[in-house]
Amino acid sequence: MKKKLYGLVGKNIHYSFSKNYFTQKFKALKLNESSYINFDIAKIADFSNIIENTEHLKGLNVTIPYKQSVIPYLDSLSKKAIKIGAVNTIAISKNKKLKGYNTDWYGFYHSLKPLLKQHHTKALILGTGGASKAIEFALKKLNIDYYFVSRTQQEGVFTYTDLNQEILTKYTIIINTTPLGTFPNIEEKPNLPYNFITNQHIAYDLIYNPEKTKFLQLAEQQGATIKNGYEMLILQAEKAYKIWSKHFRFD
């Protein structure tokens, strides 16, 4: 029986969902030859060591802060990963060729879609990092206009100080792609004028730990529909597993 090893590449990932999720999945499917571990690295340059020195490695997930910086280490990208410009899943062939995919967009798309109503036509994306790229791609597929919000002044991007009642009235979906509010820093939150959020809004946080971030709590108090990132994580993980399972057949 050939061993198959999978893992998560990231920084400070002891809290991660993936290891437990895939360990339980392999157990449920009786895939005794498959196992999943965390590769917690301080810098992306350490990625090469993982590939060179880890036996039986068949697939990887990638999380913050390496979804963009991992790309130069890969041999090829899927069409969607090229468009998105960020990778969260890697399939590894027998001759150690690495192909990058993005399944984050899929998880977000299918978890947001059931919440949408006719007036949900514009979205604010809080943050401009690797996770935000997949959100942008999914919103385009949903025909939802969007605007990025950043702490730093950039052309074509709102800063948090720009946000006012007029903007929040127009943009009725607010998506937090920043790490603000992640355990253990649960009191942190994006700097929004929460009093302008209404029952017409969807507040979506990619964070899943805690289950209800301060951002979601304050939005809920204003009557907004709220959603955390847990379902998105499940959906993207299942999509990643399908890629690993079928990679050798189709590539």
# chains A, B, ... in the order shown; residues from 1 in each chain; ligands from 1
$ residues_around --residues "A:Ile226" --least-positions-apart "2" --cutoff "7 Å" --atoms "only C-alpha atoms" --output "PDB file with all heavy atoms, in the first residue's frame"
ATOM      1  N   ILE A 202     -25.730  42.104   3.934  1.00  0.00           N
ATOM      2  CA  ILE A 202     -25.091  40.830   4.280  1.00  0.00           C
ATOM      3  C   ILE A 202     -23.692  41.163   4.778  1.00  0.00           C
ATOM      4  O   ILE A 202     -22.943  41.883   4.106  1.00  0.00           O
ATOM      5  CB  ILE A 202     -24.977  39.892   3.057  1.00  0.00           C
ATOM      6  CG1 ILE A 202     -26.358  39.474   2.549  1.00  0.00           C
ATOM      7  CG2 ILE A 202     -24.146  38.654   3.404  1.00  0.00           C
ATOM      8  CD1 ILE A 202     -26.311  38.742   1.202  1.00  0.00           C
ATOM      9  N   ALA A 203     -23.341  40.664   5.948  1.00  0.00           N
ATOM     10  CA  ALA A 203     -21.972  40.776   6.463  1.00  0.00           C
ATOM     11  C   ALA A 203     -21.372  39.375   6.448  1.00  0.00           C
ATOM     12  O   ALA A 203     -21.881  38.464   7.110  1.00  0.00           O
ATOM     13  CB  ALA A 203     -21.970  41.359   7.869  1.00  0.00           C
ATOM     14  N   TYR A 204     -20.311  39.211   5.691  1.00  0.00           N
ATOM     15  CA  TYR A 204     -19.687  37.902   5.512  1.00  0.00           C
ATOM     16  C   TYR A 204     -18.242  37.996   5.991  1.00  0.00           C
ATOM     17  O   TYR A 204     -17.494  38.853   5.538  1.00  0.00           O
ATOM     18  CB  TYR A 204     -19.736  37.514   4.028  1.00  0.00           C
ATOM     19  CG  TYR A 204     -19.392  36.070   3.724  1.00  0.00           C
ATOM     20  CD1 TYR A 204     -20.308  35.218   3.154  1.00  0.00           C
ATOM     21  CD2 TYR A 204     -18.123  35.561   4.004  1.00  0.00           C
ATOM     22  CE1 TYR A 204     -19.996  33.892   2.866  1.00  0.00           C
ATOM     23  CE2 TYR A 204     -17.802  34.234   3.728  1.00  0.00           C
ATOM     24  CZ  TYR A 204     -18.753  33.408   3.158  1.00  0.00           C
ATOM     25  OH  TYR A 204     -18.424  32.103   2.883  1.00  0.00           O
ATOM     26  N   LEU A 216     -19.069  40.493  12.866  1.00  0.00           N
ATOM     27  CA  LEU A 216     -20.382  39.877  12.659  1.00  0.00           C
ATOM     28  C   LEU A 216     -21.357  40.240  13.768  1.00  0.00           C
ATOM     29  O   LEU A 216     -22.545  40.481  13.512  1.00  0.00           O
ATOM     30  CB  LEU A 216     -20.244  38.353  12.542  1.00  0.00           C
ATOM     31  CG  LEU A 216     -19.536  37.816  11.301  1.00  0.00           C
ATOM     32  CD1 LEU A 216     -19.528  36.285  11.305  1.00  0.00           C
ATOM     33  CD2 LEU A 216     -20.164  38.340  10.012  1.00  0.00           C
ATOM     34  N   GLU A 220     -24.806  42.117  13.042  1.00  0.00           N
ATOM     35  CA  GLU A 220     -26.058  41.446  13.432  1.00  0.00           C
ATOM     36  C   GLU A 220     -26.917  42.352  14.305  1.00  0.00           C
ATOM     37  O   GLU A 220     -28.149  42.375  14.170  1.00  0.00           O
ATOM     38  CB  GLU A 220     -25.731  40.147  14.165  1.00  0.00           C
ATOM     39  CG  GLU A 220     -26.963  39.292  14.460  1.00  0.00           C
ATOM     40  CD  GLU A 220     -26.599  37.986  15.138  1.00  0.00           C
ATOM     41  OE1 GLU A 220     -25.763  37.996  16.072  1.00  0.00           O
ATOM     42  OE2 GLU A 220     -27.153  36.947  14.740  1.00  0.00           O
ATOM     43  N   ALA A 224     -28.342  43.001  10.137  1.00  0.00           N
ATOM     44  CA  ALA A 224     -27.784  42.393   8.920  1.00  0.00           C
ATOM     45  C   ALA A 224     -27.860  40.869   8.966  1.00  0.00           C
ATOM     46  O   ALA A 224     -27.862  40.258  10.048  1.00  0.00           O
ATOM     47  CB  ALA A 224     -26.332  42.824   8.749  1.00  0.00           C
ATOM     48  N   ASN A 228     -20.290  33.328   8.573  1.00  0.00           N
ATOM     49  CA  ASN A 228     -18.845  33.174   8.777  1.00  0.00           C
ATOM     50  C   ASN A 228     -18.256  32.268   7.691  1.00  0.00           C
ATOM     51  O   ASN A 228     -18.959  31.802   6.799  1.00  0.00           O
ATOM     52  CB  ASN A 228     -18.525  32.676  10.193  1.00  0.00           C
ATOM     53  CG  ASN A 228     -18.936  31.230  10.434  1.00  0.00           C
ATOM     54  OD1 ASN A 228     -19.153  30.452   9.509  1.00  0.00           O
ATOM     55  ND2 ASN A 228     -19.052  30.857  11.694  1.00  0.00           N
TER      56      ASN A 228
END
$ residues_around --residues "A:Gly10" --least-positions-apart "4" --cutoff "9 Å" --atoms "only C-alpha atoms" --output "ChimeraX atom specification"
/A:38-44,61-67
$ closest_residue --among "A:Thr213, A:Asn88, A:Gln200, A:Ser78" --to "A:Leu180" --atoms "only C-alpha atoms"
A:Thr213
$ residues_around --residues "A:Lys99" --least-positions-apart "2" --cutoff "7 Å" --atoms "only C-alpha atoms" --output "PyMOL selection string"
chain A and resi 74-77+90-92+97+101
$ write_last_selection --atoms "N, CA, C and O atoms" --output "CSV table (one decimal), in the first residue's frame"
chain,number,residue,atom,x,y,z
A,74,LEU,N,5.8,27.1,-8.3
A,74,LEU,CA,4.9,26.1,-9.0
A,74,LEU,C,5.3,25.9,-10.5
A,74,LEU,O,5.8,26.9,-11.1
A,75,ASP,N,5.0,24.8,-11.0
A,75,ASP,CA,5.3,24.5,-12.5
A,75,ASP,C,4.2,25.0,-13.4
A,75,ASP,O,4.5,25.4,-14.5
A,76,SER,N,3.0,25.0,-12.9
A,76,SER,CA,1.9,25.4,-13.7
A,76,SER,C,0.7,25.8,-12.8
A,76,SER,O,0.7,25.5,-11.6
A,77,LEU,N,-0.2,26.5,-13.4
A,77,LEU,CA,-1.5,27.0,-12.7
A,77,LEU,C,-2.7,26.6,-13.5
A,77,LEU,O,-2.6,26.6,-14.8
A,90,ILE,N,-2.5,22.8,-4.2
A,90,ILE,CA,-1.5,22.3,-5.0
A,90,ILE,C,-1.6,20.8,-5.2
A,90,ILE,O,-1.7,20.1,-4.2
A,91,ALA,N,-1.6,20.4,-6.5
A,91,ALA,CA,-1.5,18.9,-6.7
A,91,ALA,C,-0.1,18.6,-7.2
A,91,ALA,O,0.5,19.4,-8.0
A,92,ILE,N,0.5,17.5,-6.7
A,92,ILE,CA,1.9,17.1,-7.0
A,92,ILE,C,1.9,15.8,-7.7
A,92,ILE,O,1.4,14.8,-7.3
A,97,LYS,N,6.0,17.4,-10.3
A,97,LYS,CA,5.6,18.7,-10.9
A,97,LYS,C,4.4,19.2,-10.1
A,97,LYS,O,3.5,18.5,-9.7
A,101,TYR,N,-4.0,25.5,-7.9
A,101,TYR,CA,-5.4,25.8,-8.2
A,101,TYR,C,-5.9,26.7,-7.1
A,101,TYR,O,-5.3,27.0,-6.1
$ residues_around --residues "A:Leu98" --least-positions-apart "3" --cutoff "12 Å" --atoms "only C-alpha atoms" --output "MDAnalysis selection string"
chainID A and resid 47:48 51:52 57:60 70:78 87 89:95 101 244 247:248 251
$ residues_around --residues "A:Tyr146" --least-positions-apart "5" --cutoff "10 Å" --atoms "only C-alpha atoms" --output "count of residues only"
12
$ select_by_dssp --residues "stretch 4-135 of chain A" --states "strand (DSSP E)" --output "PyMOL selection string"
chain A and resi 4-10+34-40+57-62+76-77+89-92+98-101+122-126
$ atom_distance --atom1 "atom CA of A:Ser245" --atom2 "atom CA of A:Ser16"
22.1 Å
$ atom_distance --atom1 "atom CA of A:Glu55" --atom2 "atom CA of A:Lys11"
21.5 Å
$ atom_distance --atom1 "atom CA of A:Gly7" --atom2 "atom CA of A:Ile37"
4.6 Å
$ decode --residues "stretch 6-17 of chain A" --atoms "all heavy atoms" --output "PDB file, in the first residue's frame"
ATOM      1  N   TYR A   6      -0.483  14.535   2.580  1.00  0.00           N
ATOM      2  CA  TYR A   6      -1.016  15.838   2.214  1.00  0.00           C
ATOM      3  C   TYR A   6      -0.711  16.800   3.358  1.00  0.00           C
ATOM      4  O   TYR A   6      -0.353  16.373   4.453  1.00  0.00           O
ATOM      5  CB  TYR A   6      -2.531  15.758   1.986  1.00  0.00           C
ATOM      6  CG  TYR A   6      -2.921  14.765   0.920  1.00  0.00           C
ATOM      7  CD1 TYR A   6      -3.149  13.420   1.246  1.00  0.00           C
ATOM      8  CD2 TYR A   6      -3.045  15.146  -0.407  1.00  0.00           C
ATOM      9  CE1 TYR A   6      -3.483  12.507   0.274  1.00  0.00           C
ATOM     10  CE2 TYR A   6      -3.383  14.227  -1.390  1.00  0.00           C
ATOM     11  CZ  TYR A   6      -3.608  12.909  -1.045  1.00  0.00           C
ATOM     12  OH  TYR A   6      -3.935  11.998  -2.014  1.00  0.00           O
ATOM     13  N   GLY A   7      -0.855  18.087   3.100  1.00  0.00           N
ATOM     14  CA  GLY A   7      -0.557  19.011   4.184  1.00  0.00           C
ATOM     15  C   GLY A   7      -0.981  20.434   3.896  1.00  0.00           C
ATOM     16  O   GLY A   7      -1.425  20.774   2.787  1.00  0.00           O
ATOM     17  N   LEU A   8      -0.830  21.263   4.918  1.00  0.00           N
ATOM     18  CA  LEU A   8      -1.159  22.687   4.847  1.00  0.00           C
ATOM     19  C   LEU A   8       0.108  23.503   5.010  1.00  0.00           C
ATOM     20  O   LEU A   8       0.862  23.298   5.964  1.00  0.00           O
ATOM     21  CB  LEU A   8      -2.155  23.058   5.952  1.00  0.00           C
ATOM     22  CG  LEU A   8      -2.521  24.541   6.061  1.00  0.00           C
ATOM     23  CD1 LEU A   8      -3.344  24.991   4.850  1.00  0.00           C
ATOM     24  CD2 LEU A   8      -3.290  24.817   7.349  1.00  0.00           C
ATOM     25  N   VAL A   9       0.329  24.441   4.077  1.00  0.00           N
ATOM     26  CA  VAL A   9       1.455  25.363   4.163  1.00  0.00           C
ATOM     27  C   VAL A   9       0.941  26.728   4.605  1.00  0.00           C
ATOM     28  O   VAL A   9       0.006  27.277   4.004  1.00  0.00           O
ATOM     29  CB  VAL A   9       2.156  25.504   2.791  1.00  0.00           C
ATOM     30  CG1 VAL A   9       3.271  26.538   2.865  1.00  0.00           C
ATOM     31  CG2 VAL A   9       2.699  24.163   2.329  1.00  0.00           C
ATOM     32  N   GLY A  10       1.523  27.259   5.671  1.00  0.00           N
ATOM     33  CA  GLY A  10       1.107  28.568   6.166  1.00  0.00           C
ATOM     34  C   GLY A  10       2.029  29.027   7.276  1.00  0.00           C
ATOM     35  O   GLY A  10       3.105  28.451   7.487  1.00  0.00           O
ATOM     36  N   LYS A  11       1.602  30.054   7.979  1.00  0.00           N
ATOM     37  CA  LYS A  11       2.386  30.612   9.083  1.00  0.00           C
ATOM     38  C   LYS A  11       1.486  30.723  10.303  1.00  0.00           C
ATOM     39  O   LYS A  11       0.371  31.248  10.211  1.00  0.00           O
ATOM     40  CB  LYS A  11       2.926  31.992   8.679  1.00  0.00           C
ATOM     41  CG  LYS A  11       3.957  32.575   9.634  1.00  0.00           C
ATOM     42  CD  LYS A  11       4.526  33.845   9.049  1.00  0.00           C
ATOM     43  CE  LYS A  11       5.630  34.392   9.926  1.00  0.00           C
ATOM     44  NZ  LYS A  11       6.202  35.628   9.338  1.00  0.00           N
ATOM     45  N   ASN A  12       1.970  30.208  11.438  1.00  0.00           N
ATOM     46  CA  ASN A  12       1.173  30.188  12.689  1.00  0.00           C
ATOM     47  C   ASN A  12      -0.169  29.500  12.466  1.00  0.00           C
ATOM     48  O   ASN A  12      -1.234  30.076  12.688  1.00  0.00           O
ATOM     49  CB  ASN A  12       0.964  31.617  13.221  1.00  0.00           C
ATOM     50  CG  ASN A  12       2.274  32.325  13.487  1.00  0.00           C
ATOM     51  OD1 ASN A  12       3.247  31.704  13.905  1.00  0.00           O
ATOM     52  ND2 ASN A  12       2.321  33.624  13.229  1.00  0.00           N
ATOM     53  N   ILE A  13      -0.117  28.249  12.040  1.00  0.00           N
ATOM     54  CA  ILE A  13      -1.334  27.532  11.619  1.00  0.00           C
ATOM     55  C   ILE A  13      -1.746  26.418  12.576  1.00  0.00           C
ATOM     56  O   ILE A  13      -2.496  25.519  12.205  1.00  0.00           O
ATOM     57  CB  ILE A  13      -1.173  26.960  10.192  1.00  0.00           C
ATOM     58  CG1 ILE A  13       0.127  26.150  10.065  1.00  0.00           C
ATOM     59  CG2 ILE A  13      -1.213  28.072   9.169  1.00  0.00           C
ATOM     60  CD1 ILE A  13       0.290  25.432   8.746  1.00  0.00           C
ATOM     61  N   HIS A  14      -1.268  26.490  13.807  1.00  0.00           N
ATOM     62  CA  HIS A  14      -1.634  25.450  14.783  1.00  0.00           C
ATOM     63  C   HIS A  14      -3.149  25.377  14.993  1.00  0.00           C
ATOM     64  O   HIS A  14      -3.684  24.333  15.353  1.00  0.00           O
ATOM     65  CB  HIS A  14      -0.936  25.723  16.125  1.00  0.00           C
ATOM     66  CG  HIS A  14      -1.251  27.073  16.689  1.00  0.00           C
ATOM     67  ND1 HIS A  14      -0.583  28.212  16.291  1.00  0.00           N
ATOM     68  CD2 HIS A  14      -2.174  27.471  17.598  1.00  0.00           C
ATOM     69  CE1 HIS A  14      -1.084  29.255  16.943  1.00  0.00           C
ATOM     70  NE2 HIS A  14      -2.048  28.840  17.725  1.00  0.00           N
ATOM     71  N   TYR A  15      -3.844  26.501  14.758  1.00  0.00           N
ATOM     72  CA  TYR A  15      -5.295  26.565  14.960  1.00  0.00           C
ATOM     73  C   TYR A  15      -6.074  25.959  13.793  1.00  0.00           C
ATOM     74  O   TYR A  15      -7.289  25.822  13.847  1.00  0.00           O
ATOM     75  CB  TYR A  15      -5.734  28.040  15.079  1.00  0.00           C
ATOM     76  CG  TYR A  15      -5.535  28.805  13.801  1.00  0.00           C
ATOM     77  CD1 TYR A  15      -6.531  28.831  12.824  1.00  0.00           C
ATOM     78  CD2 TYR A  15      -4.333  29.450  13.520  1.00  0.00           C
ATOM     79  CE1 TYR A  15      -6.337  29.486  11.616  1.00  0.00           C
ATOM     80  CE2 TYR A  15      -4.133  30.109  12.318  1.00  0.00           C
ATOM     81  CZ  TYR A  15      -5.140  30.127  11.379  1.00  0.00           C
ATOM     82  OH  TYR A  15      -4.941  30.772  10.185  1.00  0.00           O
ATOM     83  N   SER A  16      -5.387  25.586  12.728  1.00  0.00           N
ATOM     84  CA  SER A  16      -6.038  25.371  11.441  1.00  0.00           C
ATOM     85  C   SER A  16      -7.109  24.288  11.423  1.00  0.00           C
ATOM     86  O   SER A  16      -6.997  23.242  12.045  1.00  0.00           O
ATOM     87  CB  SER A  16      -4.992  25.047  10.389  1.00  0.00           C
ATOM     88  OG  SER A  16      -5.627  24.695   9.194  1.00  0.00           O
ATOM     89  N   PHE A  17      -8.097  24.555  10.609  1.00  0.00           N
ATOM     90  CA  PHE A  17      -9.218  23.648  10.347  1.00  0.00           C
ATOM     91  C   PHE A  17      -8.785  22.426   9.535  1.00  0.00           C
ATOM     92  O   PHE A  17      -9.274  21.322   9.733  1.00  0.00           O
ATOM     93  CB  PHE A  17     -10.274  24.480   9.595  1.00  0.00           C
ATOM     94  CG  PHE A  17     -11.160  23.735   8.644  1.00  0.00           C
ATOM     95  CD1 PHE A  17     -12.416  23.300   9.033  1.00  0.00           C
ATOM     96  CD2 PHE A  17     -10.755  23.500   7.332  1.00  0.00           C
ATOM     97  CE1 PHE A  17     -13.246  22.637   8.141  1.00  0.00           C
ATOM     98  CE2 PHE A  17     -11.580  22.833   6.433  1.00  0.00           C
ATOM     99  CZ  PHE A  17     -12.821  22.405   6.853  1.00  0.00           C
TER     100      PHE A  17
END
